[in-house]
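S.K.: The structure's right below; bear with me while I get my questions together.
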Amino acid sequence: MANQDEVTKAIGELLVPGVGRSLIDLNLLKSVEVADGKVNVTVADAAIGPGTQEWIKTKIEAAVEKIADGAQITTEFVAAKPMDVNQVTKVVAIMSGKGGVGKSLVTGLSAVALARQGKSVGILDADITGPSIPKMFGMKTRPIGSESGILPIISHLGIEVMSINLMLEDEHEAVIWRGPVISGAIKQFWEEVLWGKLDYLFVDLPPGTADAPLTVMQTLPVAGVVIVSTPQDLASMVVRKAVTMSHKIGKKIFGVVENMSYLEIPETGKKMELFGKSRGQEVADAANAPLLAQLPIDPKLAALCDAGDVEKYSTPEFDAFSKNLTKVLESAE
Ligand SMILES: Nc1ncnc2c1ncn2[C@@H]1O[C@H](COP(=O)(O)OP(=O)(O)OP(=O)(O)O)[C@@H](O)[C@H]1O
Ligand SMILES: [Mg+2]
């Protein structure tokens, strides 16, 4: 007869269909008792519908039988909501003073960076009216779930994603909702999605300092923000806005990413400052936070995003960004 640790390990490794993460990673395995030839397993049913429960039960029995031949196995599902089982260590919001500066892109790249370091990562797309995360990751599957919650969609690298775009019949459909409805949707994504255990949840905020970003800041336990700016932005204005907002809500600024810093001319390797002189360091200094990256305008990156292959991106600049980001996030308490 196998002992409790061995049985727990065998069961814990089972992948939940629809998300492809284990019962342990999703924090669904409540208890495993092994005694007198009996194995009693308790599993939380958050976002797990009846069909999937049946499937999990069969798999648990098969896994236990393999190591504890002849054991009498009972599997019980107990009612739970995603909020009861979710354990997200750090929520990081990506913010900018204005739209179109590459917030969603930086959110995507941040998630890829940490996932490549072996961290468990999720993205909550809080840009309800202009969601662009699923496209970047090539996601088309509609999320499934149960009455108690929704399962996120998982990327090639294992990044969990939830976005309103995944819910729409047609991804080109425009979402015209009012502030309170948008706020409600964001809250729902936080409370009703089975994120499970995550080291990092990156939140792609909509532009500006209006309703939605404020809801995110007030509803989610945001550990800090990453500010995205471009050389075009008036540094003083961006920082003033961001600092005012982070003070208002009492959040730390993890760092600044200057996007579209320059364009490298392929033939000569010369860097052209297309949108004006870089202001990244200026913005970072004013925000009293580190400059995490100066990302170039990269046609290859734009093409990968359009093809849903952002996870394949790899350049020395991106590697440097990954390193800096990992360092500040890991060292923040
Ligand atoms: N460094 C870059 N190199 C090439 N293309 C880029 C770069 N940064 C952003 N883009 C492209 O610019 C467009 C806008 O970027 P993105 O959607 O990330 O901006 P955003 O700040 O999230 O916009 P919004 O405010 O509308 O949410 C996208 O098509 C993206 O692929
Ligand atoms: Mg965006």
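Following the order of the structure tokens, first chain is A, next is B, and so on, with residues numbered from 1 inside each chain and ligands from 1 in the order they appear.
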Need the shell around A:Lys90: protein/DNA/RNA residues with any atom at most 12 Å away, counting only C-alpha atoms. Skip same-chain ones fewer than 5 positions apart. Format as an mmCIF file with C-alpha atoms, in the first residue's frame?
M.R.:
data_model
loop_
_atom_site.group_PDB
_atom_site.id
_atom_site.type_symbol
_atom_site.label_atom_id
_atom_site.label_comp_id
_atom_site.auth_asym_id
_atom_site.auth_seq_id
_atom_site.Cartn_x
_atom_site.Cartn_y
_atom_site.Cartn_z
ATOM 1 C CA LYS A 119 6.880 31.010 -12.850
ATOM 2 C CA SER A 120 3.165 30.325 -12.955
ATOM 3 C CA VAL A 121 1.585 33.297 -14.643
ATOM 4 C CA GLY A 122 -1.822 34.619 -15.622
ATOM 5 C CA ILE A 123 -3.142 37.617 -17.536
ATOM 6 C CA LYS A 197 -2.061 29.073 -7.592
ATOM 7 C CA LEU A 198 -0.233 31.798 -9.491
ATOM 8 C CA ASP A 199 3.069 33.503 -8.820
ATOM 9 C CA TYR A 200 2.018 36.487 -10.934
ATOM 10 C CA LEU A 201 -1.184 37.836 -12.392
ATOM 11 C CA PHE A 202 -0.589 40.647 -14.868
ATOM 12 C CA VAL A 203 -3.505 42.974 -15.438
ATOM 13 C CA LEU A 220 -7.812 43.542 -6.848
ATOM 14 C CA PRO A 221 -4.963 43.298 -4.353
ATOM 15 C CA VAL A 222 -2.556 45.011 -6.760
ATOM 16 C CA ALA A 223 1.016 44.802 -5.449
ATOM 17 C CA GLY A 224 2.276 47.488 -7.787
ATOM 18 C CA VAL A 225 2.232 48.911 -11.283
ATOM 19 C CA PHE A 254 7.712 48.650 -9.959
ATOM 20 C CA LEU A 329 9.231 41.618 -9.005
ATOM 21 C CA GLU A 330 11.096 38.903 -7.142
ATOM 22 C CA SER A 331 12.672 41.367 -4.720
ATOM 23 C CA ALA A 332 9.430 43.211 -3.944
ATOM 24 C CA GLU A 333 7.869 41.925 -0.779
#
S.K.: Mind listing the residues within 6 Å of ligand 1, only C-alpha atoms and all ligand atoms counted, as an NGL selection string?
M.R.: :A and (99-105 or 206-207 or 259-260 or 295-299 or 301-302 or 305)
S.K.: Check every protein, DNA and RNA residue against ligand 2, keep those with an atom at most 12 Å away (counting only C-alpha atoms and all ligand atoms), and present them as a short mmCIF file (atom, residue, chain, number, x, y, z; two decimals) with N, CA and C atoms, in the first residue's frame.
M.R.:
data_model
loop_
_atom_site.label_atom_id
_atom_site.label_comp_id
_atom_site.auth_asym_id
_atom_site.auth_seq_id
_atom_site.Cartn_x
_atom_site.Cartn_y
_atom_site.Cartn_z
N ILE A 94 -0.49 46.88 -15.42
CA ILE A 94 0.28 47.61 -16.43
C ILE A 94 -0.53 48.85 -16.80
N MET A 95 0.12 50.01 -16.65
CA MET A 95 -0.63 51.26 -16.75
C MET A 95 0.07 52.23 -17.70
N SER A 96 -0.71 53.14 -18.30
CA SER A 96 -0.09 54.20 -19.10
C SER A 96 -0.94 55.44 -19.02
N LYS A 98 -1.71 57.33 -21.65
CA LYS A 98 -2.60 57.40 -22.81
C LYS A 98 -2.64 56.08 -23.56
N GLY A 99 -3.53 56.00 -24.53
CA GLY A 99 -3.73 54.74 -25.26
C GLY A 99 -2.72 54.51 -26.36
N GLY A 100 -2.66 53.28 -26.81
CA GLY A 100 -1.85 52.93 -27.98
C GLY A 100 -0.34 52.99 -27.79
N VAL A 101 0.12 52.95 -26.56
CA VAL A 101 1.57 53.03 -26.35
C VAL A 101 2.23 51.65 -26.22
N GLY A 102 1.39 50.62 -26.20
CA GLY A 102 1.93 49.27 -26.10
C GLY A 102 1.74 48.62 -24.75
N LYS A 103 0.70 49.05 -24.05
CA LYS A 103 0.40 48.47 -22.73
C LYS A 103 0.12 46.97 -22.83
N SER A 104 -0.75 46.64 -23.78
CA SER A 104 -1.13 45.22 -23.92
C SER A 104 0.09 44.40 -24.32
N LEU A 105 0.90 44.99 -25.19
CA LEU A 105 2.10 44.29 -25.61
C LEU A 105 3.04 44.06 -24.43
N VAL A 106 3.23 45.08 -23.62
CA VAL A 106 4.11 44.95 -22.46
C VAL A 106 3.52 43.95 -21.45
N THR A 107 2.19 43.94 -21.33
CA THR A 107 1.55 42.94 -20.46
C THR A 107 1.88 41.54 -20.95
N GLY A 108 1.69 41.34 -22.26
CA GLY A 108 1.97 40.03 -22.86
C GLY A 108 3.43 39.64 -22.67
N LEU A 124 -4.99 38.92 -16.71
CA LEU A 124 -6.39 39.34 -16.67
C LEU A 124 -6.50 40.56 -17.58
N ASP A 125 -7.22 40.39 -18.67
CA ASP A 125 -7.38 41.48 -19.63
C ASP A 125 -8.53 42.36 -19.15
N ALA A 126 -8.16 43.49 -18.53
CA ALA A 126 -9.18 44.38 -17.97
C ALA A 126 -9.58 45.46 -18.97
N ASP A 127 -9.01 45.36 -20.18
CA ASP A 127 -9.39 46.31 -21.21
C ASP A 127 -10.63 45.74 -21.91
N ILE A 128 -11.76 45.98 -21.26
CA ILE A 128 -13.00 45.34 -21.69
C ILE A 128 -13.47 45.82 -23.06
N THR A 129 -13.24 47.09 -23.35
CA THR A 129 -13.77 47.60 -24.62
C THR A 129 -12.76 47.47 -25.77
N GLY A 130 -11.51 47.21 -25.47
CA GLY A 130 -10.53 47.02 -26.56
C GLY A 130 -9.57 45.91 -26.25
N PRO A 131 -10.09 44.69 -26.04
CA PRO A 131 -9.21 43.61 -25.60
C PRO A 131 -8.30 43.09 -26.72
N SER A 132 -7.02 43.02 -26.48
CA SER A 132 -6.12 42.57 -27.56
C SER A 132 -5.22 41.41 -27.14
N ILE A 133 -5.34 40.99 -25.87
CA ILE A 133 -4.46 39.91 -25.39
C ILE A 133 -4.68 38.57 -26.12
N PRO A 134 -5.94 38.09 -26.27
CA PRO A 134 -6.12 36.78 -26.90
C PRO A 134 -5.52 36.69 -28.30
N LYS A 135 -5.64 37.77 -29.06
CA LYS A 135 -5.13 37.77 -30.43
C LYS A 135 -3.60 37.58 -30.43
N MET A 136 -2.95 38.30 -29.51
CA MET A 136 -1.50 38.23 -29.39
C MET A 136 -1.01 36.80 -29.11
N SER A 163 -10.21 37.03 -20.84
CA SER A 163 -10.49 38.28 -21.55
C SER A 163 -11.92 38.24 -22.06
N VAL A 203 -2.21 42.40 -15.05
CA VAL A 203 -3.51 42.97 -15.44
C VAL A 203 -3.30 44.06 -16.49
N ASP A 204 -3.87 43.82 -17.65
CA ASP A 204 -3.79 44.80 -18.74
C ASP A 204 -4.90 45.82 -18.53
N LEU A 205 -4.50 47.01 -18.13
CA LEU A 205 -5.49 48.06 -17.85
C LEU A 205 -5.88 48.79 -19.11
N PRO A 206 -7.11 49.29 -19.14
CA PRO A 206 -7.47 50.17 -20.25
C PRO A 206 -6.74 51.51 -20.06
N PRO A 207 -6.64 52.30 -21.13
CA PRO A 207 -5.91 53.56 -20.99
C PRO A 207 -6.59 54.54 -20.05
N GLY A 208 -5.79 55.44 -19.54
CA GLY A 208 -6.33 56.54 -18.75
C GLY A 208 -6.50 56.26 -17.29
N VAL A 228 4.00 52.21 -18.71
CA VAL A 228 4.50 52.17 -20.08
C VAL A 228 4.39 53.57 -20.67
#
S.K.: Among stretch 80-189 of chain A, which ones does DSSP assign to strand (DSSP E) (computed from the backbone)? Answer as a VMD selection string.
M.R.: chain A and resid 87 to 96 121 to 125 145 to 146 149 to 150 153 to 154 160 to 162
S.K.: Can you tell me, as a PyMOL selection string, what residues are no more than 9 Å from stretch 66-83 of chain A when counting only C-alpha atoms, ignoring any on the same chain fewer than 2 positions away?
M.R.: chain A and resi 1-3+6-7+10+30+36-47+53+57+60-64+85-87+148-150+190-196
S.K.: Find the residues around A:Ile227 up to 10 Å (only C-alpha atoms counted), leave out those fewer than 6 positions away in its own chain, and share them as a PyMOL selection string.
M.R.: chain A and resi 93-97+103+106+238-239+242-243+253-258+283-284+287+289+291-292
S.K.: If you run DSSP on the backbone, which residues of stretch 107-220 of chain A are alpha helix (DSSP H), as a ChimeraX atom specification?
M.R.: /A:107-116,133-136,164-167,179-192,211-219
S.K.: Using only C-alpha atoms, pick whichever of A:Ile153, A:Val310, A:Val161, A:Leu114 has the shortest atom-to-atom distance to A:Asn324.
M.R.: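 Comparing A:Ile153, A:Val310, A:Val161, A:Leu114 against A:Asn324, the winner is A:Leu114.
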S.K.: Just to confirm, what's the straight-line distance from atom CA of A:Ser278 to atom CA of A:Lys251 in Å (one decimal)?
M.R.: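 Taking atom CA of A:Ser278 and atom CA of A:Lys251, their separation equals 25.9 Å.
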S.K.: Determine the nearest neighbour of A:Pro152 from the options A:Lys252, A:Lys270, A:Arg21, A:Arg279, counting only C-alpha atoms.
M.R.: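 That would be A:Arg21, the residue with the smallest distance to A:Pro152.
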S.K.: A:Ile159, A:Leu14, A:Lys241, A:Ala115: which is nearest A:Thr58, counting only C-alpha atoms?
M.R.: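 Between A:Ile159, A:Leu14, A:Lys241, A:Ala115, the residue approaching A:Thr58 most closely is A:Leu14.
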S.K.: Calculate how many Å separate atom CA of A:Asp84 from atom CA of A:Glu147, rounding to one decimal.
M.R.: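 Atom CA of A:Asp84 sits 14.6 Å away from atom CA of A:Glu147.
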S.K.: Report, in Å with one decimal, the straight-line distance from atom CA of A:Gly49 to atom CA of A:Ser146.
M.R.: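 Distance between the two atoms: 4.6 Å.
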